[in-house]
Amino acid sequence: MVGSNFFRARFFSLYLPLGVYVLFLLFPFYWMLLVSFKPTNDLFDLKFNPFWIQNFTLENYLYLFQNTDFPQWLKNTLIVSVVSTSLSLVCSIMIGYALARLRFPGSNFLGVGIFLAYLVPPTLLFLPLAQVISFLDLYNTYWALILTYPSQLIPFASWLLMGYFRTIPKEIEESAMADGCTRLQILVRIVLPLSVPGLLSAGIFCFTLCWNEFLYALIFMSSGPMKTIPVGTVSDLIKADTLFWGSLMASAVLGSFPIAFIYSFFVKHYVSGLTAGAVKG
Amino acid sequence: MNHSSAGTLPSSKSSFLRDLLDRERSLGILLMLPGAGLLICFMAYPFFLGIWLSLSDSRIGQMGDFIGLRNFADLLTDTIFHQTARNTLIYALVTVPFKAMLGLGLALVLNNRMRFSNPVRASVMMPWIVPTALSSLGWFMIFDPVFSPISWLLKNLGLIKANINFLGAPNLAIASVCLANIWRGIPFFGITILAGLQAVPQELHEAAAIDGANVWHRFRHVTIPAIKGVVLIASLLSIIWTFADFQLIYILTKGGPANQTHIFGTYAYQIGLNATEIGMGAAIALYMFPILAFFAILLLIYLRKEQ
């Protein structure tokens, strides 16, 4: 009887609320998956229960690869995300190390500046930035996004890495310096290998943000074959007639999958990285 | 044995030390350069260019003339802009208590010992992780006047006669976009607060329990003080991000029906790019600045105090 009481307590304090949360937080994804695997005609048939699949089909996914620019969007998104993430990581490692370990004029001021830059939203900048991109003649080139994304990524990534570098005992670096290593050698050979979890968090953070970015991509990459997945899906797959839901949801599912996949593998790193900043300040 | 601190170095090495300090200074500046360069070109410069644009009658592709504060003044008499400001405040401020409370609930649930805790955490984080543009499309269908599963369910339960037009009526449309925004924000609050909860030593709870504190007292006097800081930080960040949001509204309503759900970002986009009045658009975006600056400074002061 003790067991059943225990289970009842667990049920009300854990399983029931958890169930409600999971239902609410995952329902939109369930719905997207469901619609993506249904033939379009089934959506219109009101005698079917809309919360289940009657006739499973892959036609929406096939349509996406055969009749739309989706493969091209996938390629664009990958190229932009990988290059932009690498660029941001290199810059952030340098900034993070300089702010964590080196004393130089203006370092305090720059630290605050980097933090404030983290809070500058793209909506504040997109109109003048559109002029800058036009002036540099970068519209519909990968460079438009590769060069503009880091300004959104470097502040948080440097902040996160700075926190990580500070946790490495100074003594290790000092003894290496006594052995004749230069600062740069120490950074590359000692600090970076000890900071792999931090680098992983920063990398995942940057990659996720590049993959998910919408506003800059919407404006700077507006020509059909140069679009990224979020922009292509929103602007090309919503059509005036009502037959588009299947392929729209299929594209949303495929575009979300890589991020969900990477994230569930590295959940611990990501969460610790995300919260390290918030908790430590 | 290694030298443990610079102070113990013999004086014969003082020139080496000075050299090192010199190099440290120059190296520090050198390391800042690439990142700072990108931030200057694509953040600081556009920011100041935006100020200039907002003071001009520029249109897309042509630099206009200086017209002083006329754009800002014109907006003050623009009824759509009034509605936009009202919507933005509702969207950014009203949603925060819901996100914070529901996030706290989620954190308390996740803080239990349970099997499969990693997959469970990963899955409830999805609304925050997945591209908002794509998850918004899920909500776009959930709110559709014809295909909405909510309407279907309520109709089959006999609660309503006709489908609900979630995004078609102004007040309902604002409530709907707020719901989608709350949905997206809960995991961020949840995981941030969870980190705060896990920083509370278990002994504190046990000691309080031995002293006769019940669950509510322990929550009130042990848990709440421990997470107050992270809740405040998460709330300020959330306000700043939501205030400057774009994609969720752009995808769900495009600011409609009849411009009733615009927020600063979507209205600036419509005026600046669709109507090509980029100077006026820049002025709309800049109206965000004082409010964003206020919350950013609040956050900065709080973080400094914590340190």
# chains A, B, ... in the order shown; residues from 1 in each chain; ligands from 1
call {"tool": "interface_residues", "arguments": {"of": "chain A", "to": "chain B", "cutoff": "6 Å", "atoms": "only C-alpha atoms", "output": "list in words"}}
result
Leu14, Pro28, Met32, Cys91, Met94, Ile95, Ala98, Leu102, Phe104, Thr123, Leu124, Pro128, Leu129, Thr148, Ser151, Glu171, Ser175, Asn212, Pro230, Ala252, Ser256, Ser264, Thr275 and Gly281 of chain A
call {"tool": "write_last_selection", "arguments": {"atoms": "C-alpha atoms", "output": "PDB file, in the first residue's frame"}}
result
ATOM      1  CA  LEU A  14       5.540  14.774 -11.374  1.00  0.00           C
ATOM      2  CA  PRO A  28       2.775  22.008 -32.630  1.00  0.00           C
ATOM      3  CA  MET A  32       3.512  19.495 -38.223  1.00  0.00           C
ATOM      4  CA  CYS A  91      36.942  35.953 -33.482  1.00  0.00           C
ATOM      5  CA  MET A  94      40.524  35.783 -29.592  1.00  0.00           C
ATOM      6  CA  ILE A  95      38.252  38.300 -27.864  1.00  0.00           C
ATOM      7  CA  ALA A  98      42.104  38.843 -24.514  1.00  0.00           C
ATOM      8  CA  LEU A 102      45.305  40.136 -20.954  1.00  0.00           C
ATOM      9  CA  PHE A 104      45.404  46.278 -22.083  1.00  0.00           C
ATOM     10  CA  THR A 123      15.260  44.741 -35.943  1.00  0.00           C
ATOM     11  CA  LEU A 124      17.108  47.876 -34.866  1.00  0.00           C
ATOM     12  CA  PRO A 128      20.519  50.721 -42.511  1.00  0.00           C
ATOM     13  CA  LEU A 129      22.258  47.355 -42.905  1.00  0.00           C
ATOM     14  CA  THR A 148      26.486  40.065 -40.966  1.00  0.00           C
ATOM     15  CA  SER A 151      27.844  40.637 -35.350  1.00  0.00           C
ATOM     16  CA  GLU A 171      49.248  28.656 -12.715  1.00  0.00           C
ATOM     17  CA  SER A 175      54.405  27.718 -15.686  1.00  0.00           C
ATOM     18  CA  ASN A 212      17.414  29.798 -37.474  1.00  0.00           C
ATOM     19  CA  PRO A 230      13.325  29.333 -43.141  1.00  0.00           C
ATOM     20  CA  ALA A 252       9.284  22.952 -41.687  1.00  0.00           C
ATOM     21  CA  SER A 256      13.921  21.835 -37.874  1.00  0.00           C
ATOM     22  CA  SER A 264      19.548  16.401 -28.400  1.00  0.00           C
ATOM     23  CA  THR A 275      22.928  28.921 -18.332  1.00  0.00           C
ATOM     24  CA  GLY A 281      26.661  36.851 -15.125  1.00  0.00           C
TER      25      GLY A 281
END
call {"tool": "residues_around", "arguments": {"residues": "Tyr63 (chain A)", "least_positions_apart": "3", "cutoff": "12 Å", "atoms": "only C-alpha atoms", "output": "ChimeraX atom specification"}}
result
/A:36-37,39-40,57-60,66-71,237,244-251
call {"tool": "residues_around", "arguments": {"residues": "Thr228 (chain A)", "least_positions_apart": "5", "cutoff": "7 Å", "atoms": "only C-alpha atoms", "output": "ChimeraX atom specification"}}
result
/A:73-74,76-77,217
call {"tool": "write_last_selection", "arguments": {"atoms": "N, CA and C atoms", "output": "PDB file, in the first residue's frame"}}
result
ATOM      1  N   TRP A  73      18.061  25.413 -51.023  1.00  0.00           N
ATOM      2  CA  TRP A  73      17.960  26.143 -49.753  1.00  0.00           C
ATOM      3  C   TRP A  73      18.775  25.448 -48.684  1.00  0.00           C
ATOM      4  N   LEU A  74      18.717  24.120 -48.697  1.00  0.00           N
ATOM      5  CA  LEU A  74      19.449  23.335 -47.700  1.00  0.00           C
ATOM      6  C   LEU A  74      20.947  23.605 -47.840  1.00  0.00           C
ATOM      7  N   ASN A  76      22.398  26.247 -49.239  1.00  0.00           N
ATOM      8  CA  ASN A  76      22.697  27.631 -48.839  1.00  0.00           C
ATOM      9  C   ASN A  76      22.782  27.752 -47.326  1.00  0.00           C
ATOM     10  N   THR A  77      21.790  27.169 -46.644  1.00  0.00           N
ATOM     11  CA  THR A  77      21.739  27.298 -45.189  1.00  0.00           C
ATOM     12  C   THR A  77      22.979  26.666 -44.568  1.00  0.00           C
ATOM     13  N   ALA A 217      18.203  37.138 -43.577  1.00  0.00           N
ATOM     14  CA  ALA A 217      18.110  36.256 -44.743  1.00  0.00           C
ATOM     15  C   ALA A 217      16.930  36.648 -45.626  1.00  0.00           C
TER      16      ALA A 217
END
call {"tool": "residues_around", "arguments": {"residues": "Ile53 (chain A)", "least_positions_apart": "5", "cutoff": "9 Å", "atoms": "only C-alpha atoms", "output": "MDAnalysis selection string"}}
result
chainID A and resid 34:35 37:38 42 48
call {"tool": "atom_distance", "arguments": {"atom1": "CA of Tyr263 (chain A)", "atom2": "CA of Ser117 (chain B)"}}
result
14.8 Å
call {"tool": "select_by_dssp", "arguments": {"residues": "region 144-259 of chain B", "states": "helix (DSSP H, G or I)", "output": "count of residues only"}}
result
81
call {"tool": "atom_distance", "arguments": {"atom1": "CA of Pro155 (chain A)", "atom2": "CA of Ile114 (chain A)"}}
result
5.2 Å
